[in-house]
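Visitor: Please find one structure pasted underneath; my questions will follow.
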Amino acid sequence: HVGEAGYRRVLLKLGGEMFGGGSVGVDPDVVGTVARQLAEVVANGVEVAVVIGGGNFFRGAELQQRGMERARGDYMAMLGTTMNCLALQDFLEREHGIDTRVMTAISMGQVAEPYIPRRASRHLEKGRVVIFGAGTGMPYFSTDTAAAQRALEIGAEVVLLAKGVDGVYSADPKTTPGAELFDSITHREVLERGLKVADATAFSLCMDNHMRILVFNLLVEGNIARAASGAKIGTLVST
Ligand code: UDP
């Protein structure tokens, strides 16, 4: 992991399912917890950008199984991610007084700015939290891929991948007792061992461009701030 100085700029990826607290819609308790932890990160002087998934509303692939056209389902799902972004913005501004900007890959001027990379960087430099909505704006992609792409483009030093487990294991800990939790691993080793950190597109973007990924447990209070400070938690995937 990094030295005492910690990270300067991070990209946090949150799954939509967690945002919904296990059901459709937004769970204010979860959003509140995330916002409180992000406030801590900002107070520590770390620049933080966020990508949120949309699994608590729709997934294009699931809508397709129910008869819809895939691309249209994907667009619906991307709009869903933006609702999560607005919820987080609300908690950050209202409860913590933290300036935030939602920037979306699909234009929706009344609620968010368009994603303009250099403007995103300016917001971050000014200490604003930047929340990226609508994924990559492209059907057939994922918000993990959006996270990898945005992290690369804005020069984040690490993708903080928040999960419901402690990190990357040698096997599924639910079915394989004694599965080993790695504290660090290389991208190559993840592939060679057939482990799954993110979808293939997102993972290969990170691997090809030497982007570090920290997989950590969101369900442990305080972990977002720990992850952003470079503390030794979870599993660090690096070159
Ligand atoms: N999506 C998409 N393009 C993107 C990002 C997301 O089409 O660049 C759609 C896709 O249907 C995806 C859904 O939005 O299933 C929600 O994103 P994701 O599955 O990544 O959310 P998470 O699992 O993190 O909640």
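Here's how to read the names in the structure tokens: chain A, B, ... by the order shown, residue numbers from 1 in each chain, ligand numbers from 1 in the order shown.
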Counting only C-alpha atoms and all ligand atoms, which residues of chain A fall within 6 Å of ligand 1, and what is the closest atom pair for each with its distance in Å at one decimal, ordered by chain and rising number, as CSV?

Guide:
residue,atom,partner,partner_atom_place_in_ligand_line,distance
A:Gly15,CA,ligand 1,24 (O),3.7
A:Gly16,CA,ligand 1,25 (O),3.3
A:Glu17,CA,ligand 1,25 (O),5.1
A:Gly53,CA,ligand 1,24 (O),3.4
A:Gly54,CA,ligand 1,16 (C),4.0
A:Gly55,CA,ligand 1,25 (O),3.4
A:Arg59,CA,ligand 1,15 (O),3.7
A:Gly60,CA,ligand 1,11 (O),3.4
A:Ala61,CA,ligand 1,11 (O),5.9
A:Asp74,CA,ligand 1,11 (O),3.6
A:Tyr75,CA,ligand 1,7 (O),5.8
A:Ala77,CA,ligand 1,14 (O),4.1
A:Met78,CA,ligand 1,14 (O),4.5
A:Gly135,CA,ligand 1,5 (C),3.7
A:Thr136,CA,ligand 1,8 (O),3.5
A:Gly137,CA,ligand 1,8 (O),5.1
A:Met138,CA,ligand 1,3 (N),4.7
A:Pro139,CA,ligand 1,7 (O),3.6
A:Tyr140,CA,ligand 1,7 (O),4.9
A:Phe141,CA,ligand 1,3 (N),3.9
A:Ser142,CA,ligand 1,5 (C),3.7
A:Thr143,CA,ligand 1,20 (O),3.6
A:Asp144,CA,ligand 1,20 (O),5.5
A:Ala146,CA,ligand 1,8 (O),5.6

Visitor: How close does each residue of stretch 36-78 of chain A get to stretch 106-129 of chain A, giving the shortest atom pair and distance in Å to one decimal for every residue with an atom at most 8 Å away, counting only C-alpha atoms, sorted by chain and residue number, as CSV?

Guide:
residue,atom,partner,partner_atom,distance
A:Val42,CA,A:Gly127,CA,7.1
A:Gly45,CA,A:Gly127,CA,7.7
A:Glu47,CA,A:Leu124,CA,5.6
A:Val48,CA,A:Val129,CA,5.5
A:Ala49,CA,A:Val129,CA,5.8
A:Val50,CA,A:Val129,CA,7.6

Visitor: Output the selection as a CSV table (one decimal), in the first residue's frame - N, CA and C atoms for each residue.

Guide:
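Final output, saved to part38.csv:
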chain,number,residue,atom,x,y,z
A,42,VAL,N,-12.9,13.9,2.7
A,42,VAL,CA,-12.7,15.3,2.2
A,42,VAL,C,-11.9,16.1,3.3
A,45,GLY,N,-8.4,15.9,3.2
A,45,GLY,CA,-7.7,16.6,2.1
A,45,GLY,C,-7.5,15.7,0.9
A,47,GLU,N,-8.8,14.3,-2.6
A,47,GLU,CA,-9.7,14.6,-3.7
A,47,GLU,C,-10.5,13.3,-4.0
A,48,VAL,N,-11.8,13.4,-4.0
A,48,VAL,CA,-12.6,12.2,-4.2
A,48,VAL,C,-13.7,12.3,-5.3
A,49,ALA,N,-13.6,11.4,-6.2
A,49,ALA,CA,-14.6,11.2,-7.2
A,49,ALA,C,-15.3,9.9,-7.0
A,50,VAL,N,-16.6,9.9,-7.4
A,50,VAL,CA,-17.4,8.7,-7.1
A,50,VAL,C,-18.2,8.2,-8.3

Visitor: Choose the residue, out of A:Glu62, A:Asp199, A:Asp208, A:Glu180, that has the smallest atom-to-atom separation from A:Ser238; count only C-alpha atoms.

Guide: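 Of A:Glu62, A:Asp199, A:Asp208, A:Glu180, the one nearest A:Ser238, counting only C-alpha atoms, is A:Asp208.
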
Visitor: Any idea what's packed within 12 Å of A:Val220, counting only C-alpha atoms, ignoring anything in its chain fewer than 3 positions away? Could you give it as a PyMOL selection string?

Guide: chain A and resi 30+33-34+37+162-166+216-217+223-227+233-234

Visitor: In Å, rounded to a single decimal, give me how far atom CA of A:Leu195 is from atom CA of A:Leu14.

Guide: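 The value is 19.8 Å.
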